[in-house]
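Visitor: Below is the file entry.cif, which contains mmCIF, N, CA and C atoms.
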```
data_my_file
loop_
_atom_site.label_atom_id
_atom_site.label_comp_id
_atom_site.auth_asym_id
_atom_site.auth_seq_id
_atom_site.Cartn_x
_atom_site.Cartn_y
_atom_site.Cartn_z
N GLN Q 1 61.49 165.55 -28.35
CA GLN Q 1 62.42 166.04 -29.37
C GLN Q 1 63.70 166.51 -28.69
N VAL Q 2 64.83 166.11 -29.27
CA VAL Q 2 66.12 166.47 -28.71
C VAL Q 2 66.60 167.76 -29.36
N ARG Q 3 67.07 168.66 -28.53
CA ARG Q 3 67.56 169.96 -29.01
C ARG Q 3 69.00 170.13 -28.61
N LEU Q 4 69.80 170.66 -29.54
CA LEU Q 4 71.21 170.92 -29.27
C LEU Q 4 71.46 172.42 -29.30
N VAL Q 5 72.20 172.90 -28.33
CA VAL Q 5 72.56 174.32 -28.29
C VAL Q 5 74.07 174.42 -28.20
N GLU Q 6 74.65 175.11 -29.19
CA GLU Q 6 76.10 175.25 -29.26
C GLU Q 6 76.51 176.63 -28.76
N SER Q 7 77.72 176.70 -28.28
CA SER Q 7 78.27 177.99 -27.86
C SER Q 7 79.79 177.93 -27.94
N GLY Q 8 80.40 179.11 -27.88
CA GLY Q 8 81.85 179.17 -27.81
C GLY Q 8 82.55 179.66 -29.07
N GLY Q 9 81.79 179.87 -30.14
CA GLY Q 9 82.43 180.36 -31.35
C GLY Q 9 82.84 181.82 -31.22
N GLY Q 10 83.58 182.30 -32.21
CA GLY Q 10 83.98 183.69 -32.19
C GLY Q 10 85.18 183.94 -33.08
N LEU Q 11 85.76 185.11 -32.88
CA LEU Q 11 86.94 185.53 -33.65
C LEU Q 11 88.19 185.27 -32.82
N VAL Q 12 89.16 184.64 -33.44
CA VAL Q 12 90.41 184.34 -32.74
C VAL Q 12 91.56 184.52 -33.71
N GLN Q 13 92.69 184.91 -33.19
CA GLN Q 13 93.87 185.09 -34.03
C GLN Q 13 94.51 183.75 -34.36
N PRO Q 14 95.21 183.66 -35.47
CA PRO Q 14 95.94 182.43 -35.79
C PRO Q 14 96.85 182.03 -34.65
N GLY Q 15 96.85 180.75 -34.34
CA GLY Q 15 97.63 180.25 -33.22
C GLY Q 15 96.87 180.23 -31.91
N GLY Q 16 95.71 180.84 -31.90
CA GLY Q 16 94.91 180.90 -30.68
C GLY Q 16 94.09 179.65 -30.43
N SER Q 17 93.30 179.73 -29.37
CA SER Q 17 92.48 178.58 -28.95
C SER Q 17 91.04 179.00 -28.72
N LEU Q 18 90.15 178.05 -28.89
CA LEU Q 18 88.74 178.22 -28.57
C LEU Q 18 88.19 176.90 -28.08
N ARG Q 19 87.15 176.98 -27.28
CA ARG Q 19 86.47 175.77 -26.82
C ARG Q 19 85.00 175.89 -27.17
N LEU Q 20 84.53 174.95 -27.97
CA LEU Q 20 83.13 174.90 -28.32
C LEU Q 20 82.40 173.93 -27.38
N SER Q 21 81.16 174.27 -27.07
CA SER Q 21 80.33 173.41 -26.24
C SER Q 21 79.01 173.14 -26.95
N CYS Q 22 78.45 171.99 -26.69
CA CYS Q 22 77.17 171.62 -27.27
C CYS Q 22 76.39 170.86 -26.21
N ALA Q 23 75.28 171.43 -25.78
CA ALA Q 23 74.45 170.80 -24.76
C ALA Q 23 73.19 170.25 -25.39
N ALA Q 24 72.91 169.00 -25.10
CA ALA Q 24 71.71 168.34 -25.61
C ALA Q 24 70.63 168.32 -24.52
N SER Q 25 69.42 168.66 -24.92
CA SER Q 25 68.31 168.64 -23.97
C SER Q 25 67.13 167.89 -24.58
N GLY Q 26 66.23 167.46 -23.71
CA GLY Q 26 65.10 166.66 -24.16
C GLY Q 26 65.16 165.29 -23.52
N THR Q 27 64.36 164.39 -24.02
CA THR Q 27 64.33 163.04 -23.48
C THR Q 27 65.44 162.22 -24.12
N ILE Q 28 66.45 161.91 -23.33
CA ILE Q 28 67.61 161.17 -23.81
C ILE Q 28 67.88 160.03 -22.86
N PHE Q 29 67.78 158.81 -23.35
CA PHE Q 29 68.07 157.64 -22.54
C PHE Q 29 69.52 157.20 -22.70
N SER Q 30 70.04 157.36 -23.89
CA SER Q 30 71.44 157.00 -24.11
C SER Q 30 71.96 157.74 -25.34
N ILE Q 31 73.26 157.96 -25.34
CA ILE Q 31 73.93 158.61 -26.47
C ILE Q 31 74.93 157.64 -27.07
N ASN Q 32 74.83 157.42 -28.36
CA ASN Q 32 75.72 156.49 -29.03
C ASN Q 32 76.96 157.18 -29.60
N ARG Q 33 76.74 158.37 -30.12
CA ARG Q 33 77.85 159.08 -30.76
C ARG Q 33 77.62 160.58 -30.66
N MET Q 34 78.69 161.33 -30.43
CA MET Q 34 78.66 162.78 -30.42
C MET Q 34 79.77 163.25 -31.34
N GLY Q 35 79.52 164.32 -32.06
CA GLY Q 35 80.54 164.76 -32.97
C GLY Q 35 80.43 166.21 -33.36
N TRP Q 36 81.46 166.67 -34.02
CA TRP Q 36 81.52 168.02 -34.55
C TRP Q 36 81.84 167.96 -36.04
N TYR Q 37 81.15 168.79 -36.79
CA TYR Q 37 81.37 168.94 -38.22
C TYR Q 37 81.54 170.43 -38.49
N ARG Q 38 82.05 170.73 -39.66
CA ARG Q 38 82.19 172.15 -40.00
C ARG Q 38 81.95 172.35 -41.49
N GLN Q 39 81.55 173.57 -41.81
CA GLN Q 39 81.32 173.93 -43.19
C GLN Q 39 81.90 175.31 -43.44
N ALA Q 40 82.92 175.33 -44.28
CA ALA Q 40 83.55 176.59 -44.66
C ALA Q 40 82.80 177.20 -45.84
N PRO Q 41 82.93 178.49 -46.05
CA PRO Q 41 82.24 179.14 -47.18
C PRO Q 41 82.59 178.47 -48.50
N GLY Q 42 81.57 178.11 -49.25
CA GLY Q 42 81.77 177.52 -50.56
C GLY Q 42 82.19 176.07 -50.55
N LYS Q 43 82.21 175.46 -49.37
CA LYS Q 43 82.63 174.06 -49.27
C LYS Q 43 81.54 173.21 -48.64
N GLU Q 44 81.69 171.89 -48.80
CA GLU Q 44 80.73 170.98 -48.20
C GLU Q 44 81.03 170.78 -46.72
N ARG Q 45 80.01 170.37 -46.00
CA ARG Q 45 80.20 170.06 -44.58
C ARG Q 45 81.13 168.87 -44.45
N GLU Q 46 82.05 168.94 -43.49
CA GLU Q 46 83.01 167.87 -43.29
C GLU Q 46 83.10 167.49 -41.82
N LEU Q 47 83.48 166.25 -41.60
CA LEU Q 47 83.65 165.78 -40.23
C LEU Q 47 84.90 166.38 -39.62
N VAL Q 48 84.80 166.80 -38.38
CA VAL Q 48 85.95 167.30 -37.63
C VAL Q 48 86.40 166.25 -36.62
N ALA Q 49 85.47 165.81 -35.79
CA ALA Q 49 85.81 164.82 -34.77
C ALA Q 49 84.53 164.16 -34.28
N THR Q 50 84.63 162.89 -33.93
CA THR Q 50 83.50 162.19 -33.33
C THR Q 50 83.99 161.37 -32.14
N MET Q 51 83.05 161.06 -31.26
CA MET Q 51 83.36 160.27 -30.09
C MET Q 51 82.18 159.34 -29.82
N THR Q 52 82.46 158.06 -29.64
CA THR Q 52 81.41 157.10 -29.36
C THR Q 52 81.16 156.99 -27.86
N SER Q 53 80.12 156.27 -27.51
CA SER Q 53 79.80 156.08 -26.10
C SER Q 53 80.91 155.34 -25.37
N GLY Q 54 81.71 154.60 -26.13
CA GLY Q 54 82.85 153.90 -25.53
C GLY Q 54 84.09 154.75 -25.48
N ALA Q 55 83.94 156.05 -25.76
CA ALA Q 55 85.03 157.02 -25.69
C ALA Q 55 86.07 156.82 -26.78
N SER Q 56 85.70 156.13 -27.85
CA SER Q 56 86.59 156.01 -28.99
C SER Q 56 86.43 157.25 -29.86
N SER Q 57 87.52 157.90 -30.19
CA SER Q 57 87.46 159.15 -30.93
C SER Q 57 88.11 159.03 -32.30
N THR Q 58 87.58 159.80 -33.25
CA THR Q 58 88.20 159.91 -34.56
C THR Q 58 88.31 161.38 -34.91
N TYR Q 59 89.33 161.71 -35.67
CA TYR Q 59 89.58 163.10 -36.06
C TYR Q 59 89.89 163.19 -37.55
N ALA Q 60 89.52 164.31 -38.12
CA ALA Q 60 89.97 164.61 -39.47
C ALA Q 60 91.48 164.81 -39.44
N ASP Q 61 92.14 164.41 -40.49
CA ASP Q 61 93.60 164.55 -40.53
C ASP Q 61 94.02 166.00 -40.33
N SER Q 62 93.21 166.91 -40.82
CA SER Q 62 93.58 168.33 -40.76
C SER Q 62 93.58 168.90 -39.35
N VAL Q 63 92.95 168.20 -38.40
CA VAL Q 63 92.87 168.74 -37.03
C VAL Q 63 93.57 167.86 -36.00
N LYS Q 64 94.08 166.72 -36.44
CA LYS Q 64 94.74 165.81 -35.49
C LYS Q 64 95.90 166.51 -34.80
N GLY Q 65 95.96 166.33 -33.50
CA GLY Q 65 97.03 166.95 -32.72
C GLY Q 65 96.72 168.38 -32.29
N ARG Q 66 95.67 168.96 -32.86
CA ARG Q 66 95.31 170.33 -32.50
C ARG Q 66 93.95 170.42 -31.81
N PHE Q 67 93.03 169.56 -32.19
CA PHE Q 67 91.67 169.57 -31.63
C PHE Q 67 91.47 168.35 -30.74
N THR Q 68 90.66 168.52 -29.71
CA THR Q 68 90.32 167.41 -28.82
C THR Q 68 88.83 167.43 -28.54
N ILE Q 69 88.19 166.29 -28.78
CA ILE Q 69 86.78 166.15 -28.48
C ILE Q 69 86.63 165.45 -27.13
N SER Q 70 85.68 165.92 -26.35
CA SER Q 70 85.42 165.28 -25.05
C SER Q 70 83.94 165.42 -24.74
N GLY Q 71 83.50 164.63 -23.79
CA GLY Q 71 82.08 164.66 -23.46
C GLY Q 71 81.82 164.52 -21.98
N ASP Q 72 80.68 165.01 -21.56
CA ASP Q 72 80.21 164.86 -20.20
C ASP Q 72 78.84 164.20 -20.29
N ASN Q 73 78.80 162.88 -20.14
CA ASN Q 73 77.54 162.16 -20.29
C ASN Q 73 76.50 162.59 -19.28
N GLY Q 74 76.96 162.95 -18.09
CA GLY Q 74 76.01 163.37 -17.07
C GLY Q 74 75.27 164.64 -17.45
N LYS Q 75 75.93 165.47 -18.25
CA LYS Q 75 75.33 166.73 -18.68
C LYS Q 75 74.89 166.68 -20.14
N ASN Q 76 75.05 165.52 -20.77
CA ASN Q 76 74.73 165.39 -22.21
C ASN Q 76 75.37 166.52 -23.01
N THR Q 77 76.63 166.74 -22.74
CA THR Q 77 77.35 167.84 -23.37
C THR Q 77 78.61 167.32 -24.04
N VAL Q 78 78.91 167.87 -25.20
CA VAL Q 78 80.13 167.52 -25.90
C VAL Q 78 80.92 168.80 -26.14
N TYR Q 79 82.23 168.69 -26.04
CA TYR Q 79 83.11 169.83 -26.19
C TYR Q 79 84.08 169.60 -27.34
N LEU Q 80 84.57 170.69 -27.89
CA LEU Q 80 85.64 170.63 -28.87
C LEU Q 80 86.66 171.69 -28.49
N GLN Q 81 87.78 171.21 -27.95
CA GLN Q 81 88.87 172.12 -27.61
C GLN Q 81 89.74 172.28 -28.85
N MET Q 82 89.88 173.51 -29.31
CA MET Q 82 90.64 173.78 -30.52
C MET Q 82 91.86 174.62 -30.17
N ALA Q 83 93.01 174.18 -30.60
CA ALA Q 83 94.25 174.89 -30.33
C ALA Q 83 95.03 175.07 -31.65
N SER Q 84 96.00 175.96 -31.59
CA SER Q 84 96.83 176.23 -32.78
C SER Q 84 95.96 176.48 -34.00
N LEU Q 85 94.98 177.31 -33.84
CA LEU Q 85 94.01 177.53 -34.90
C LEU Q 85 94.65 178.21 -36.10
N LYS Q 86 94.16 177.83 -37.28
CA LYS Q 86 94.66 178.35 -38.53
C LYS Q 86 93.53 179.03 -39.29
N PRO Q 87 93.86 179.93 -40.18
CA PRO Q 87 92.78 180.58 -40.96
C PRO Q 87 91.89 179.58 -41.69
N GLU Q 88 92.45 178.46 -42.10
CA GLU Q 88 91.65 177.46 -42.80
C GLU Q 88 90.69 176.72 -41.88
N ASP Q 89 90.77 176.96 -40.58
CA ASP Q 89 89.79 176.40 -39.66
C ASP Q 89 88.52 177.25 -39.61
N THR Q 90 88.53 178.38 -40.26
CA THR Q 90 87.36 179.25 -40.30
C THR Q 90 86.18 178.52 -40.93
N ALA Q 91 85.07 178.46 -40.20
CA ALA Q 91 83.90 177.73 -40.67
C ALA Q 91 82.78 177.87 -39.65
N VAL Q 92 81.61 177.42 -40.06
CA VAL Q 92 80.52 177.22 -39.11
C VAL Q 92 80.65 175.79 -38.58
N TYR Q 93 80.70 175.66 -37.28
CA TYR Q 93 80.86 174.36 -36.64
C TYR Q 93 79.51 173.88 -36.12
N TYR Q 94 79.19 172.64 -36.46
CA TYR Q 94 77.92 172.04 -36.09
C TYR Q 94 78.14 170.84 -35.18
N CYS Q 95 77.33 170.76 -34.18
CA CYS Q 95 77.33 169.64 -33.27
C CYS Q 95 76.32 168.59 -33.75
N ASN Q 96 76.65 167.33 -33.57
CA ASN Q 96 75.76 166.24 -33.95
C ASN Q 96 75.73 165.20 -32.83
N VAL Q 97 74.54 164.79 -32.46
CA VAL Q 97 74.40 163.77 -31.41
C VAL Q 97 73.43 162.70 -31.90
N VAL Q 98 73.83 161.46 -31.76
CA VAL Q 98 73.02 160.31 -32.15
C VAL Q 98 72.76 159.48 -30.91
N GLY Q 99 71.51 159.16 -30.68
CA GLY Q 99 71.20 158.38 -29.49
C GLY Q 99 69.79 157.88 -29.47
N VAL Q 100 69.32 157.57 -28.27
CA VAL Q 100 67.99 157.01 -28.09
C VAL Q 100 67.24 157.82 -27.04
N GLY Q 101 66.03 158.26 -27.42
CA GLY Q 101 65.12 158.88 -26.48
C GLY Q 101 63.85 158.06 -26.50
N PHE Q 102 62.72 158.69 -26.74
CA PHE Q 102 61.50 157.92 -26.96
C PHE Q 102 61.60 157.16 -28.27
N ALA Q 103 62.51 157.62 -29.10
CA ALA Q 103 62.86 156.96 -30.35
C ALA Q 103 64.33 157.27 -30.61
N THR Q 104 64.89 156.59 -31.60
CA THR Q 104 66.26 156.96 -31.95
C THR Q 104 66.27 158.36 -32.56
N PHE Q 105 67.34 159.08 -32.34
CA PHE Q 105 67.43 160.42 -32.87
C PHE Q 105 68.81 160.68 -33.43
N ASP Q 106 68.86 161.63 -34.35
CA ASP Q 106 70.09 162.10 -34.98
C ASP Q 106 69.93 163.61 -35.08
N ALA Q 107 70.41 164.30 -34.04
CA ALA Q 107 70.13 165.72 -33.89
C ALA Q 107 71.34 166.57 -34.29
N TRP Q 108 71.02 167.76 -34.80
CA TRP Q 108 72.04 168.73 -35.21
C TRP Q 108 71.80 170.06 -34.52
N GLY Q 109 72.89 170.71 -34.18
CA GLY Q 109 72.80 172.05 -33.65
C GLY Q 109 72.64 173.08 -34.75
N GLN Q 110 72.47 174.32 -34.34
CA GLN Q 110 72.23 175.39 -35.29
C GLN Q 110 73.53 175.91 -35.89
N GLY Q 111 74.65 175.56 -35.31
CA GLY Q 111 75.94 176.00 -35.82
C GLY Q 111 76.47 177.20 -35.06
N THR Q 112 77.79 177.23 -34.93
CA THR Q 112 78.45 178.37 -34.30
C THR Q 112 79.65 178.74 -35.17
N LEU Q 113 79.79 180.03 -35.42
CA LEU Q 113 80.80 180.52 -36.35
C LEU Q 113 82.14 180.71 -35.67
N VAL Q 114 83.16 180.16 -36.28
CA VAL Q 114 84.54 180.35 -35.83
C VAL Q 114 85.30 181.05 -36.95
N ILE Q 115 85.89 182.17 -36.62
CA ILE Q 115 86.69 182.93 -37.58
C ILE Q 115 88.11 183.04 -37.05
N VAL Q 116 89.05 182.57 -37.84
CA VAL Q 116 90.46 182.64 -37.45
C VAL Q 116 91.12 183.65 -38.37
N SER Q 117 91.46 184.79 -37.80
CA SER Q 117 92.00 185.87 -38.62
C SER Q 117 92.78 186.85 -37.75
N SER Q 118 93.78 187.44 -38.34
CA SER Q 118 94.54 188.47 -37.63
C SER Q 118 93.99 189.85 -37.96
#
```
Can the structure in the file be given as C-alpha cells, please?
Guide:
Amino acid sequence: QVRLVESGGGLVQPGGSLRLSCAASGTIFSINRMGWYRQAPGKERELVATMTSGASSTYADSVKGRFTISGDNGKNTVYLQMASLKPEDTAVYYCNVVGVGFATFDAWGQGTLVIVSS
C-alpha cells in the first residue's frame, strides 16, 4: 500500500510564500503522475497543478505564474512552491500520486492546511 505524507502548510501573510512537500512511501515501481489539489471551505476540490513522469506540467489558471510543481523521483517526493499568495489560496491542499507498485495505485495524502491572512 502506498502512503503519502504532506508537510509545509501553515499561516502566511498575503504576498508570502510557502513550500509544500509530499513524500510517497511503500512499494513503488514507477510514478505516472503527481499532483496537488485543494479544497476551500464550502467549495469542491479543484486541481492546482500536476506533473507527469515526462515532466509535463499543468496549472490551474488561478495559480499560473505563482505556483511551481516539481518532483524528485529518487525520493518519490513532489513539491509545490507557492509564491505571491492570496487570501483566496486558503484551502486544504492534497497531494495525489498515480503509479504502479504491486498493482496500479491512485493515492491521496491526508491534506495540509494553508491559510493566507494578515
Visitor: For the structure provided, state which residues fall under the PyMOL selection byres ((chain Q and resi 110) around 6.5), and present them as a list in words.
Guide: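 That expression, the PyMOL selection byres ((chain Q and resi 110) around 6.5), corresponds here to Leu4, Val5, Glu6, Tyr93, Tyr94, Cys95, Trp108, Gly109, Gly111 and Thr112 of chain Q.
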Visitor: If you apply the PyMOL selection byres (((chain Q and resi 15-29 and name CA) around 7) and name CA) to this file, what residues do you get, as a ChimeraX atom specification?
Guide: /Q:1-9,12-14,30,76-86,95,100-102
Visitor: I'd like to know which of Q:Ile115, Q:Ile31, Q:Ala60, Q:Val97 is closest to Leu47 of chain Q, using all atoms listed in the file.
Guide: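 Smallest distance to Leu47 of chain Q is found for Q:Ala60.
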Visitor: For Ala55 of chain Q, which of Q:Pro87, Q:Gly99, Q:Gly71, Q:Lys43 is the closest residue, counting all atoms listed in the file?
Guide: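 Distance minimum relative to Ala55 of chain Q lands on Q:Gly71.
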Visitor: Just the helix (DSSP H, G or I) stuff from chain Q, please, per backbone DSSP, written as a VMD selection string.
Guide: chain Q and resid 73 to 75 87 to 89
Visitor: From the list Q:Thr90, Q:Ser62, Q:Thr68, Q:Ser56, which residue is nearest Pro41 of chain Q when using only N, CA and C atoms?
Guide: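 Using only N, CA and C atoms, Pro41 of chain Q sits closest to Q:Thr90.
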Visitor: Identify which of the residues Q:Leu11, Q:Leu113, Q:Ile69, Q:Val98 lies closest to Ser57 of chain Q, counting only C-alpha atoms when measuring atom-to-atom distances.
Guide: Q:Ile69
Visitor: Out of Q:Asp89, Q:Arg45, Q:Gly65, Q:Gly35, which residue has the shortest atom-to-atom distance to Ser117 of chain Q when counting only C-alpha atoms?
Guide: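 Counting only C-alpha atoms, the residue closest to Ser117 of chain Q is Q:Asp89.
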Visitor: Atom CA of Trp36 of chain Q and atom CA of Ala49 of chain Q are how many Å apart?
Guide: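 Distance reported for this atom pair: 5.4 Å.
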Visitor: Can you measure atom CA of Val114 of chain Q to atom CA of Arg38 of chain Q for me? One decimal in Å is fine.
Guide: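 A separation of 9.5 Å between them.
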Visitor: To one decimal in Å, tell me the separation between atom CA of Val48 of chain Q and atom CA of Phe67 of chain Q.
Guide: 8.6 Å
Visitor: Could you add whatever atoms are missing so that segment 32-51 of chain Q carries N, CA, C and O atoms, then write the result as an mmCIF file, keeping the file's coordinate frame?
Guide:
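Everything below was put into selection_23.cif:
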```
data_model
loop_
_atom_site.group_PDB
_atom_site.id
_atom_site.type_symbol
_atom_site.label_atom_id
_atom_site.label_comp_id
_atom_site.auth_asym_id
_atom_site.auth_seq_id
_atom_site.Cartn_x
_atom_site.Cartn_y
_atom_site.Cartn_z
ATOM 1 N N ASN Q 32 74.830 157.420 -28.360
ATOM 2 C CA ASN Q 32 75.720 156.490 -29.030
ATOM 3 C C ASN Q 32 76.960 157.180 -29.600
ATOM 4 O O ASN Q 32 78.046 156.618 -29.588
ATOM 5 N N ARG Q 33 76.740 158.370 -30.120
ATOM 6 C CA ARG Q 33 77.850 159.080 -30.760
ATOM 7 C C ARG Q 33 77.620 160.580 -30.660
ATOM 8 O O ARG Q 33 76.500 161.062 -30.824
ATOM 9 N N MET Q 34 78.690 161.330 -30.430
ATOM 10 C CA MET Q 34 78.660 162.780 -30.420
ATOM 11 C C MET Q 34 79.770 163.250 -31.340
ATOM 12 O O MET Q 34 80.846 162.631 -31.375
ATOM 13 N N GLY Q 35 79.520 164.320 -32.060
ATOM 14 C CA GLY Q 35 80.540 164.760 -32.970
ATOM 15 C C GLY Q 35 80.430 166.210 -33.360
ATOM 16 O O GLY Q 35 79.451 166.887 -33.049
ATOM 17 N N TRP Q 36 81.460 166.670 -34.020
ATOM 18 C CA TRP Q 36 81.520 168.020 -34.550
ATOM 19 C C TRP Q 36 81.840 167.960 -36.040
ATOM 20 O O TRP Q 36 82.705 167.182 -36.465
ATOM 21 N N TYR Q 37 81.150 168.790 -36.790
ATOM 22 C CA TYR Q 37 81.370 168.940 -38.220
ATOM 23 C C TYR Q 37 81.540 170.430 -38.490
ATOM 24 O O TYR Q 37 81.212 171.265 -37.639
ATOM 25 N N ARG Q 38 82.050 170.730 -39.660
ATOM 26 C CA ARG Q 38 82.190 172.150 -40.000
ATOM 27 C C ARG Q 38 81.950 172.350 -41.490
ATOM 28 O O ARG Q 38 82.130 171.445 -42.284
ATOM 29 N N GLN Q 39 81.550 173.570 -41.810
ATOM 30 C CA GLN Q 39 81.320 173.930 -43.190
ATOM 31 C C GLN Q 39 81.900 175.310 -43.440
ATOM 32 O O GLN Q 39 81.450 176.293 -42.857
ATOM 33 N N ALA Q 40 82.920 175.330 -44.280
ATOM 34 C CA ALA Q 40 83.550 176.590 -44.660
ATOM 35 C C ALA Q 40 82.800 177.200 -45.840
ATOM 36 O O ALA Q 40 82.119 176.486 -46.579
ATOM 37 N N PRO Q 41 82.930 178.490 -46.050
ATOM 38 C CA PRO Q 41 82.240 179.140 -47.180
ATOM 39 C C PRO Q 41 82.590 178.470 -48.500
ATOM 40 O O PRO Q 41 83.760 178.263 -48.812
ATOM 41 N N GLY Q 42 81.570 178.110 -49.250
ATOM 42 C CA GLY Q 42 81.770 177.520 -50.560
ATOM 43 C C GLY Q 42 82.190 176.070 -50.550
ATOM 44 O O GLY Q 42 82.497 175.498 -51.604
ATOM 45 N N LYS Q 43 82.210 175.460 -49.370
ATOM 46 C CA LYS Q 43 82.630 174.060 -49.270
ATOM 47 C C LYS Q 43 81.540 173.210 -48.640
ATOM 48 O O LYS Q 43 80.604 173.723 -48.041
ATOM 49 N N GLU Q 44 81.690 171.890 -48.800
ATOM 50 C CA GLU Q 44 80.730 170.980 -48.200
ATOM 51 C C GLU Q 44 81.030 170.780 -46.720
ATOM 52 O O GLU Q 44 82.158 170.991 -46.267
ATOM 53 N N ARG Q 45 80.010 170.370 -46.000
ATOM 54 C CA ARG Q 45 80.200 170.060 -44.580
ATOM 55 C C ARG Q 45 81.130 168.870 -44.450
ATOM 56 O O ARG Q 45 81.011 167.886 -45.183
ATOM 57 N N GLU Q 46 82.050 168.940 -43.490
ATOM 58 C CA GLU Q 46 83.010 167.870 -43.290
ATOM 59 C C GLU Q 46 83.100 167.490 -41.820
ATOM 60 O O GLU Q 46 82.855 168.303 -40.934
ATOM 61 N N LEU Q 47 83.480 166.250 -41.600
ATOM 62 C CA LEU Q 47 83.650 165.780 -40.230
ATOM 63 C C LEU Q 47 84.900 166.380 -39.620
ATOM 64 O O LEU Q 47 85.951 166.477 -40.277
ATOM 65 N N VAL Q 48 84.800 166.800 -38.380
ATOM 66 C CA VAL Q 48 85.950 167.300 -37.630
ATOM 67 C C VAL Q 48 86.400 166.250 -36.620
ATOM 68 O O VAL Q 48 87.564 165.848 -36.600
ATOM 69 N N ALA Q 49 85.470 165.810 -35.790
ATOM 70 C CA ALA Q 49 85.810 164.820 -34.770
ATOM 71 C C ALA Q 49 84.530 164.160 -34.280
ATOM 72 O O ALA Q 49 83.473 164.790 -34.223
ATOM 73 N N THR Q 50 84.630 162.890 -33.930
ATOM 74 C CA THR Q 50 83.500 162.190 -33.330
ATOM 75 C C THR Q 50 83.990 161.370 -32.140
ATOM 76 O O THR Q 50 85.172 161.025 -32.050
ATOM 77 N N MET Q 51 83.050 161.060 -31.260
ATOM 78 C CA MET Q 51 83.360 160.270 -30.090
ATOM 79 C C MET Q 51 82.180 159.340 -29.820
ATOM 80 O O MET Q 51 81.034 159.786 -29.758
#
```
